[in-house]
Amino acid sequence: MERKNAWEKYREESDKRQVFDFAEGYRQFLSDNKTERECCAFFVDKLKAAGFESLEDVVSAGKTLKAGDKIYAVNKKKSLVCFIMGKQPISAGMQILGAHIDSPRMDLKQNPLYEDTDMVLLDTHYYGGVKKYQWVTLPLALHGVVAKKDGTVIDVCIGEKEDDPVFGVSDLLIHLSDEQLTKKANKVVEGEDLNVLVGSIPGVKEDEKELVKANILNILLDQYNIEEEDFLSAEIEVVPAGAARDYGFDRSMIMGYGHDDRVCAYPSLMAMLQIDVPEYTSVCLLVDKEEIGSVGATGMHSRFFENTVAELLALTGEEGNLSLCRALKNSKALSSDVSAAFDPNYPSVMEKKNAAYFGRGMVFNKYTGSRGKSGSNDANAEYVGELRRIMDDANVYFQTAELGKVDVGGGGTIAYILGNLDMDVIDSGVAVLNMHAPWEIISKVDLYEAFLAYVAFLNFSR
Ligand code: MN
Ligand code: MN
């Protein structure tokens, strides 16, 4: 069956305005926040402004929690979770929105800086799944932190302001590319060749060999208080420079860096700000490291979420491991990540009845995975049925999809990890064109339907 186009809901100018206004807030967020740390800090500011208190403060003040209380916790400045306490005890289960805030990019190596033929470059190691040939001849910016030995942390963001310099990875000129163009696409630009050009003026000291590098090091010290050794304890991400932009004559879409998965994280968190006192505790969980397997202390595999729920249980008098088990088992989650939008330029990888389309609203993937659903969280039919009811009752337009044709490829998300906690969970989210390219595209109405879907899900009373 074919789903309807969601723009039909917004024919009235004032209705369309709501969609565009929400999308404009998102566009600005996406332009200003290009790393997991930046997203985390942005969302914490939003939460504080909306009256959320940090878990640490609540614990140290010796407070107890009651329905309507709003709490957040941050994990190593890279992932966060926030809660609005429900009327039911936490052990009755939570309504959880999950998404990730890391995106594919290039990271500087620990020893990145070198000089070659009077040019200075920074060596990188790419992060997540990228088509390397897409990352050359683009204006790039450096975002991240440099942690000094004395404990100070320097924030870095160069390449976004109008008068900032930008950086980039070069590509071979067409005139000398006969051999390069016969290579397979995965070999045209190789990982070790993703080197970012950052300078070319020699310094003046006569006893030094690498004068251009010396000059760059002087600039780094003067302007940013960074020494060469400080790169050892830095996290600098190389990302596309510049703002996200409206896309198309009708401005119905947004082109930007990092829609995957901030296009789900942003409306999830904004939905939390719309909730008053829910029946079941509302949760929004935004994690790091999804693009490299959800590993590490800030990824979904971390104990951070369970530990934080255990803290909350203690604050409501529901202590004990059994309460935690019940809280997790009785929870329901929308694990949101981007879906592959059907692309008329590449129809052959999709199966048209089970693909996601721009404009047709929130996407539900009963399963993702690859080759026989391997690695997928296959949501229970009963849960999918319940979600259909929630969406239809709230007049939210939604569609169902798989990630491409059978045996063409596939992908994973954080859904199965939440599933391991024995809760009902489904993959859901927003369709994206150009997924994992430096500039990805989404539809504004899909973003808005996702926001409405999240609000309806959090307000649901089982
Ligand atoms: Mn993703
Ligand atoms: Mn991804």
# chains A, B, ... in the order shown; residues from 1 in each chain; ligands from 1
>>> closest_atom_pairs(of="chain A", to="ligand 1", cutoff="7 Å", atoms="only C-alpha atoms and all ligand atoms", output="tab-separated table")
residue	atom	partner	partner_atom_place_in_ligand_line	distance
A:His100	CA	ligand 1	1 (Mn)	6.6
A:Asp260	CA	ligand 1	1 (Mn)	4.8
A:Asp261	CA	ligand 1	1 (Mn)	4.8
A:Glu290	CA	ligand 1	1 (Mn)	6.6
A:Glu291	CA	ligand 1	1 (Mn)	6.4
A:Asp337	CA	ligand 1	1 (Mn)	4.8
A:Val338	CA	ligand 1	1 (Mn)	5.5
A:Thr413	CA	ligand 1	1 (Mn)	6.5
>>> residues_around(residues="Lys70 in chain A", least_positions_apart="4", cutoff="12 Å", atoms="only C-alpha atoms", output="ChimeraX atom specification")
/A:47-55,58,64-66,81-86,272-273,275-278,281-284,312
>>> residues_around(residues="Arg251 in chain A", least_positions_apart="6", cutoff="12 Å", atoms="only C-alpha atoms", output="VMD selection string")
chain A and resid 16 to 17 19 to 20 23 to 24 27 245 441 to 445
>>> select_by_dssp(residues="range 318-428 of chain A", states="helix (DSSP H, G or I)", output="PyMOL selection string")
chain A and resi 321-329+347-349+352-354+381-393+415-419
>>> write_last_selection(atoms="N, CA and C atoms", output="compact mmCIF listing (two decimals), in the first residue's frame")
# COMPACT_ATOMS: atom_id res chain seq x y z
N ASN A 321 18.09 -4.14 42.41
CA ASN A 321 18.32 -4.60 41.06
C ASN A 321 17.03 -5.04 40.38
N LEU A 322 16.11 -5.59 41.17
CA LEU A 322 14.85 -6.07 40.59
C LEU A 322 14.04 -4.90 40.02
N SER A 323 14.05 -3.77 40.72
CA SER A 323 13.34 -2.59 40.21
C SER A 323 13.93 -2.14 38.89
N LEU A 324 15.26 -2.20 38.79
CA LEU A 324 15.92 -1.80 37.54
C LEU A 324 15.53 -2.76 36.41
N CYS A 325 15.56 -4.06 36.71
CA CYS A 325 15.17 -5.05 35.69
C CYS A 325 13.75 -4.78 35.20
N ARG A 326 12.85 -4.51 36.13
CA ARG A 326 11.45 -4.25 35.75
C ARG A 326 11.33 -2.96 34.94
N ALA A 327 12.05 -1.93 35.39
CA ALA A 327 11.98 -0.64 34.69
C ALA A 327 12.39 -0.81 33.23
N LEU A 328 13.44 -1.59 33.00
CA LEU A 328 13.94 -1.78 31.63
C LEU A 328 13.01 -2.68 30.82
N LYS A 329 12.62 -3.79 31.42
CA LYS A 329 11.76 -4.76 30.73
C LYS A 329 10.41 -4.14 30.35
N PRO A 347 17.28 3.93 -8.52
CA PRO A 347 16.13 3.12 -8.09
C PRO A 347 16.47 1.64 -7.92
N SER A 348 17.57 1.19 -8.53
CA SER A 348 17.80 -0.26 -8.60
C SER A 348 18.13 -0.89 -7.25
N VAL A 349 18.56 -0.08 -6.25
CA VAL A 349 18.93 -0.68 -4.96
C VAL A 349 17.74 -0.79 -4.01
N LYS A 352 10.44 -0.95 -4.22
CA LYS A 352 9.60 0.24 -4.12
C LYS A 352 8.48 0.16 -3.07
N LYS A 353 7.96 -1.03 -2.81
CA LYS A 353 6.87 -1.15 -1.83
C LYS A 353 7.38 -0.97 -0.40
N ASN A 354 8.68 -1.18 -0.21
CA ASN A 354 9.24 -1.17 1.14
C ASN A 354 10.45 -0.25 1.22
N ALA A 381 5.43 -7.70 16.38
CA ALA A 381 4.23 -7.27 15.64
C ALA A 381 3.26 -6.52 16.55
N GLU A 382 3.10 -7.02 17.80
CA GLU A 382 2.16 -6.36 18.73
C GLU A 382 2.58 -4.92 19.00
N TYR A 383 3.89 -4.71 19.12
CA TYR A 383 4.40 -3.35 19.37
C TYR A 383 4.17 -2.47 18.15
N VAL A 384 4.42 -3.01 16.96
CA VAL A 384 4.19 -2.24 15.74
C VAL A 384 2.71 -1.86 15.65
N GLY A 385 1.85 -2.80 16.03
CA GLY A 385 0.40 -2.52 16.01
C GLY A 385 0.06 -1.37 16.95
N GLU A 386 0.66 -1.37 18.14
CA GLU A 386 0.41 -0.29 19.11
C GLU A 386 0.88 1.06 18.55
N LEU A 387 2.03 1.05 17.88
CA LEU A 387 2.56 2.30 17.32
C LEU A 387 1.67 2.83 16.20
N ARG A 388 1.11 1.91 15.39
CA ARG A 388 0.16 2.34 14.35
C ARG A 388 -1.00 3.09 15.00
N ARG A 389 -1.49 2.54 16.13
CA ARG A 389 -2.62 3.18 16.82
C ARG A 389 -2.20 4.57 17.33
N ILE A 390 -1.02 4.66 17.96
CA ILE A 390 -0.56 5.96 18.51
C ILE A 390 -0.46 6.99 17.38
N MET A 391 0.13 6.59 16.26
CA MET A 391 0.35 7.53 15.15
C MET A 391 -0.98 7.96 14.52
N ASP A 392 -1.87 7.00 14.28
CA ASP A 392 -3.15 7.33 13.66
C ASP A 392 -4.00 8.21 14.58
N ASP A 393 -3.99 7.90 15.89
CA ASP A 393 -4.78 8.71 16.83
C ASP A 393 -4.28 10.15 16.87
N ALA A 415 19.27 0.00 18.06
CA ALA A 415 18.02 -0.62 18.50
C ALA A 415 18.24 -1.95 19.22
N TYR A 416 19.09 -2.81 18.65
CA TYR A 416 19.25 -4.13 19.24
C TYR A 416 19.86 -4.07 20.64
N ILE A 417 20.62 -3.00 20.93
CA ILE A 417 21.26 -2.89 22.24
C ILE A 417 20.20 -2.55 23.30
N LEU A 418 19.26 -1.68 22.94
CA LEU A 418 18.12 -1.44 23.83
C LEU A 418 17.28 -2.71 23.93
N GLY A 419 17.15 -3.42 22.81
CA GLY A 419 16.42 -4.68 22.81
C GLY A 419 17.02 -5.71 23.76
>>> closest_atom_pairs(of="range 18-80 of chain A", to="range 144-166 of chain A", cutoff="12 Å", atoms="only C-alpha atoms", output="CSV")
residue,atom,partner,partner_atom,distance
A:Ser31,CA,A:Glu160,CA,8.9
A:Asp32,CA,A:Glu160,CA,8.5
A:Asn33,CA,A:Cys157,CA,10.3
A:Lys34,CA,A:Gly144,CA,9.4
A:Thr35,CA,A:Gly144,CA,7.4
A:Glu36,CA,A:Gly144,CA,9.5
A:Arg37,CA,A:Gly144,CA,7.9
A:Glu38,CA,A:Gly144,CA,8.5
A:Cys39,CA,A:Gly144,CA,11.8
A:Lys77,CA,A:Val145,CA,11.2
A:Lys78,CA,A:Gly144,CA,11.5
>>> write_last_selection(atoms="C-alpha atoms", output="tab-separated table (two decimals), in the first residue's frame")
chain	number	residue	atom	x	y	z
A	31	SER	CA	24.89	24.70	11.28
A	32	ASP	CA	26.27	25.50	14.73
A	33	ASN	CA	26.78	21.98	16.14
A	34	LYS	CA	28.94	19.55	14.17
A	35	THR	CA	30.43	17.27	16.83
A	36	GLU	CA	28.95	15.07	19.55
A	37	ARG	CA	30.43	17.45	22.16
A	38	GLU	CA	28.87	20.53	20.54
A	39	CYS	CA	25.48	18.81	20.24
A	77	LYS	CA	30.50	15.63	27.52
A	78	LYS	CA	29.59	13.32	24.60
>>> residues_around(residues="range 112-127 of chain A", least_positions_apart="6", cutoff="6 Å", atoms="only C-alpha atoms", output="number ranges by chain")
A: 104-106, 195-200, 213
>>> residues_around(residues="Val406 in chain A", least_positions_apart="2", cutoff="9 Å", atoms="only C-alpha atoms", output="list of chain:residue names")
A:Val349, A:Met350, A:Glu351, A:Ser370, A:Arg371, A:Gly372, A:Lys373, A:Glu402, A:Leu403, A:Gly404, A:Val408, A:Gly409, A:Gly410
>>> write_last_selection(atoms="N, CA and C atoms", output="JSON list (two decimals), in the first residue's frame")
[["chain", "number", "residue", "atom", "x", "y", "z"],
["A", 349, "VAL", "N", 18.56, -0.08, -6.25],
["A", 349, "VAL", "CA", 18.93, -0.68, -4.96],
["A", 349, "VAL", "C", 17.74, -0.79, -4.01],
["A", 350, "MET", "N", 16.59, -0.25, -4.44],
["A", 350, "MET", "CA", 15.42, -0.21, -3.55],
["A", 350, "MET", "C", 14.34, -1.15, -4.06],
["A", 351, "GLU", "N", 13.51, -1.59, -3.13],
["A", 351, "GLU", "CA", 12.30, -2.33, -3.48],
["A", 351, "GLU", "C", 11.17, -1.38, -3.17],
["A", 370, "SER", "N", 21.19, -6.97, 7.46],
["A", 370, "SER", "CA", 21.60, -7.31, 6.11],
["A", 370, "SER", "C", 21.63, -8.83, 5.96],
["A", 371, "ARG", "N", 21.53, -9.32, 4.72],
["A", 371, "ARG", "CA", 21.61, -10.75, 4.41],
["A", 371, "ARG", "C", 20.82, -11.61, 5.40],
["A", 372, "GLY", "N", 19.51, -11.65, 5.20],
["A", 372, "GLY", "CA", 18.69, -12.46, 6.10],
["A", 372, "GLY", "C", 18.44, -11.79, 7.43],
["A", 373, "LYS", "N", 18.33, -10.45, 7.44],
["A", 373, "LYS", "CA", 18.03, -9.63, 8.63],
["A", 373, "LYS", "C", 19.12, -9.69, 9.68],
["A", 402, "GLU", "N", 12.39, -0.77, 4.57],
["A", 402, "GLU", "CA", 13.59, -1.55, 4.82],
["A", 402, "GLU", "C", 14.77, -0.76, 4.27],
["A", 403, "LEU", "N", 15.98, -1.15, 4.67],
["A", 403, "LEU", "CA", 17.16, -0.47, 4.14],
["A", 403, "LEU", "C", 17.60, -1.17, 2.85],
["A", 404, "GLY", "N", 16.94, -0.79, 1.74],
["A", 404, "GLY", "CA", 17.32, -1.31, 0.43],
["A", 404, "GLY", "C", 16.77, -2.69, 0.14],
["A", 408, "VAL", "N", 21.26, -6.47, -1.02],
["A", 408, "VAL", "CA", 22.02, -5.41, -1.68],
["A", 408, "VAL", "C", 23.04, -4.79, -0.72],
["A", 409, "GLY", "N", 22.72, -4.80, 0.56],
["A", 409, "GLY", "CA", 23.62, -4.18, 1.54],
["A", 409, "GLY", "C", 22.99, -4.25, 2.90],
["A", 410, "GLY", "N", 23.08, -3.18, 3.66],
["A", 410, "GLY", "CA", 22.43, -3.16, 4.97],
["A", 410, "GLY", "C", 23.11, -2.23, 5.93]]
>>> select_by_dssp(residues="range 174-356 of chain A", states="strand (DSSP E or B)", output="PyMOL selection string")
chain A and resi 195-199+234-240+245-247+253-256+281-287+332-336+339-341+356
>>> residues_around(residues="Lys366 in chain A", least_positions_apart="3", cutoff="10 Å", atoms="only C-alpha atoms", output="PyMOL selection string")
chain A and resi 363+376-381+383-384+400-402+425-428
>>> atom_distance(atom1="CA of Phe358 in chain A", atom2="CA of Lys289 in chain A")
26.7 Å
>>> closest_residue(among="A:Gly68, A:Lys131, A:Ser79, A:Ala241", to="Met300 in chain A", atoms="only C-alpha atoms")
A:Ser79
>>> residues_around(residues="Tyr280 in chain A", least_positions_apart="4", cutoff="10 Å", atoms="only C-alpha atoms", output="PyMOL selection string")
chain A and resi 67+84-96+331+458-462
>>> write_last_selection(atoms="N, CA and C atoms", output="short mmCIF file (atom, residue, chain, number, x, y, z; two decimals), in the first residue's frame")
data_model
loop_
_atom_site.label_atom_id
_atom_site.label_comp_id
_atom_site.auth_asym_id
_atom_site.auth_seq_id
_atom_site.Cartn_x
_atom_site.Cartn_y
_atom_site.Cartn_z
N ALA A 67 6.49 12.98 40.44
CA ALA A 67 5.97 13.13 39.07
C ALA A 67 6.15 14.57 38.58
N ILE A 84 11.62 13.00 32.29
CA ILE A 84 10.53 13.69 32.98
C ILE A 84 9.77 12.61 33.74
N MET A 85 9.79 12.74 35.07
CA MET A 85 9.23 11.68 35.91
C MET A 85 7.73 11.54 35.67
N GLY A 86 7.28 10.31 35.48
CA GLY A 86 5.87 10.05 35.20
C GLY A 86 5.05 9.87 36.47
N LYS A 87 3.72 9.75 36.26
CA LYS A 87 2.83 9.48 37.40
C LYS A 87 3.01 8.05 37.89
N GLN A 88 3.32 7.13 36.98
CA GLN A 88 3.58 5.74 37.35
C GLN A 88 5.01 5.62 37.87
N PRO A 89 5.27 4.62 38.74
CA PRO A 89 6.67 4.41 39.16
C PRO A 89 7.55 4.04 37.97
N ILE A 90 8.85 4.28 38.11
CA ILE A 90 9.77 3.99 37.00
C ILE A 90 9.73 2.50 36.66
N SER A 91 9.55 1.66 37.68
CA SER A 91 9.55 0.21 37.43
C SER A 91 8.37 -0.22 36.55
N ALA A 92 7.38 0.65 36.38
CA ALA A 92 6.27 0.34 35.47
C ALA A 92 6.70 0.50 34.02
N GLY A 93 7.90 1.07 33.82
CA GLY A 93 8.42 1.23 32.46
C GLY A 93 8.48 2.68 32.05
N MET A 94 9.34 2.95 31.09
CA MET A 94 9.53 4.31 30.57
C MET A 94 9.17 4.34 29.09
N GLN A 95 8.91 5.53 28.59
CA GLN A 95 8.74 5.75 27.14
C GLN A 95 10.05 6.42 26.68
N ILE A 96 10.85 5.70 25.90
CA ILE A 96 12.22 6.14 25.63
C ILE A 96 12.41 6.54 24.17
N SER A 331 9.81 -1.06 29.63
CA SER A 331 9.95 0.17 28.83
C SER A 331 9.65 -0.09 27.36
N LEU A 458 5.53 9.97 23.65
CA LEU A 458 5.81 10.27 25.05
C LEU A 458 4.53 10.48 25.84
N ASN A 459 3.51 11.01 25.20
CA ASN A 459 2.24 11.27 25.90
C ASN A 459 1.35 10.04 25.98
N PHE A 460 1.76 8.95 25.35
CA PHE A 460 0.91 7.76 25.29
C PHE A 460 0.72 7.17 26.69
N SER A 461 -0.53 6.85 26.98
CA SER A 461 -0.84 6.19 28.24
C SER A 461 -1.30 4.78 27.92
N ARG A 462 -0.49 3.80 28.34
CA ARG A 462 -0.75 2.41 27.94
C ARG A 462 -2.06 1.87 28.51
#
>>> closest_residue(among="A:Asp288, A:Glu319, A:Asp422, A:Glu449", to="ligand 2", atoms="only C-alpha atoms and all ligand atoms")
A:Asp288
>>> closest_residue(among="A:Ala456, A:Val396, A:Ala99, A:Ala6", to="ligand 2", atoms="only C-alpha atoms and all ligand atoms")
A:Ala99
>>> closest_residue(among="A:Leu217, A:Val130, A:Ile414, A:Ile254", to="Ser294 in chain A", atoms="only C-alpha atoms")
A:Ile414
